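Quick notes on the structure that follows.
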Amino acid sequence: MARGSSSASLIVEHREATDRWPALELRLSARRRRTATASFDGDRLILALPARMSRREREETVTWLVERALSRRRKLPNSDEALLTLAMSLSERYLDGRAPNSLVWSQRQEKRFGSCSTDTGAIRISSRLREVPAWVLEAVLIHELAHLSHPNHSAEFSALANRYPRQDEARLWLEGFEAGYQRSQEDNRD
């Protein structure tokens, strides 16, 4: 059952979960021109779409975004344990097996994609990264794991982190992701 509310430039529609899809929140923005985004907030999938789309275009885009988001979410580790397993595999392959004392997904990481406390060996990865391509998450994990050996961004740190071949490409991807995320947050405040 769909429920909706609206403001001058933003229309919000809620759809209940089905056996195939999670609960949806559609945010239709008059300011949004062409782009459409999907992001999970817990178990709910938030879709931001241009309000000017026809009903048919909107439903096709919703279907595409939901299936894409679900597909990506299944490929990435969902639990802290699975994230640690991935990190250990990457560390063995690229960083001589250096292991963190703890590694968790963090809902509180809004400004950074990851952080490493070199004093405690604890690594936190922003839950915003649950939706990124696997190679981007891997690059962030390698970056944070490299901090276990080098707490700064020295030449030695860079040499270690850059053992992951797509590190520079991931940095560029994340810059675009962050710009899109910030824009989405601005659109959602309208």
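All residue names refer to the structure tokens as shown: chains lettered A, B, ... in order, residues numbered from 1 in each chain, ligands numbered from 1 in order.
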Practice task
DSSP on the backbone, then: every residue of chain A marked strand (DSSP E or B), written as a PyMOL selection string.
Solution key: chain A and resi 2-6+10-15+24-29+37-41+44-50+102-106+114-117+122-126
Problem - For Ala134 in chain A: contacts at 10 Å, only C-alpha atoms, fewer than 3 positions along chain excluded, given as JSON, numbers by chain - result: {"A": [72, 73, 75, 76, 77, 129, 130, 131, 137, 138, 139]}
Go ahead and write the residues just picked, C-alpha atoms, as an mmCIF file, in the first residue's frame.
data_model
loop_
_atom_site.group_PDB
_atom_site.id
_atom_site.type_symbol
_atom_site.label_atom_id
_atom_site.label_comp_id
_atom_site.auth_asym_id
_atom_site.auth_seq_id
_atom_site.Cartn_x
_atom_site.Cartn_y
_atom_site.Cartn_z
ATOM 1 C CA ARG A 72 24.816 -5.020 -5.337
ATOM 2 C CA ARG A 73 23.826 -5.523 -1.730
ATOM 3 C CA LYS A 75 27.478 -9.208 -3.515
ATOM 4 C CA LEU A 76 28.984 -7.234 -0.654
ATOM 5 C CA PRO A 77 29.464 -8.485 2.879
ATOM 6 C CA LEU A 129 29.699 1.699 1.295
ATOM 7 C CA ARG A 130 27.317 -1.270 1.454
ATOM 8 C CA GLU A 131 26.113 -0.225 -1.998
ATOM 9 C CA LEU A 137 34.994 -1.445 -0.960
ATOM 10 C CA GLU A 138 38.145 -3.537 -1.352
ATOM 11 C CA ALA A 139 40.209 -0.408 -2.047
#
Practice task
For Arg20 in chain A, work out the shell of residues within 10 Å, counting only C-alpha atoms and skipping chain neighbours fewer than 6 positions away, then give it as JSON, numbers by chain.
Solution key: {"A": [66, 67, 70]}
Listing only residues of range 32-128 of chain A within 9 Å of range 162-174 of chain A, what is the closest atom pair and its distance in Å (to one decimal) for each, using only C-alpha atoms, sorted by chain and residue number ascending, as a Markdown table?
| residue | atom | partner | partner_atom | distance |
| --- | --- | --- | --- | --- |
| A:Leu90 | CA | A:Tyr164 | CA | 8.9 |
| A:Tyr94 | CA | A:Arg163 | CA | 6.0 |
| A:Leu95 | CA | A:Arg163 | CA | 7.8 |
| A:Phe113 | CA | A:Leu174 | CA | 8.7 |
Next, dump the selected residues to file, keeping only C-alpha atoms, as a PDB file, in the first residue's frame.
ATOM      1  CA  LEU A  90      42.699  -8.907   0.995  1.00  0.00           C
ATOM      2  CA  TYR A  94      48.173  -7.495  -0.737  1.00  0.00           C
ATOM      3  CA  LEU A  95      49.525  -6.621   2.722  1.00  0.00           C
ATOM      4  CA  PHE A 113      34.435   6.186   4.225  1.00  0.00           C
TER       5      PHE A 113
END
Handout entry: Neighbour list for Glu144 in chain A as a ChimeraX atom specification, cut-off 7 Å, only C-alpha atoms, skip fewer than 6 positions in-chain
Key = /A:114-116,123
Practice task
Figure out the distance between CA of Ser71 in chain A and CA of Glu110 in chain A, please, to one decimal in Å.
Solution key: 23.7 Å
Handout entry: For Ala23 in chain A: contacts at 8 Å, only C-alpha atoms, fewer than 3 positions along chain excluded, given as a PyMOL selection string
Key = chain A and resi 14-18+43-45
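For the atom pair formed by CA of Pro133 in chain A and CA of Arg34 in chain A, the distance is 21.9 Å, given to one decimal.
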Handout entry: Proximity to Ser54 in chain A - best of A:Glu81, A:Ala122, A:Gly42, A:Leu28, only C-alpha atoms
Key = A:Leu28
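Of the listed residues A:Val12, A:Val132, A:Leu86, A:Val104, the one whose atoms come nearest to Phe40 in chain A is A:Val132, with distances taken using only C-alpha atoms.
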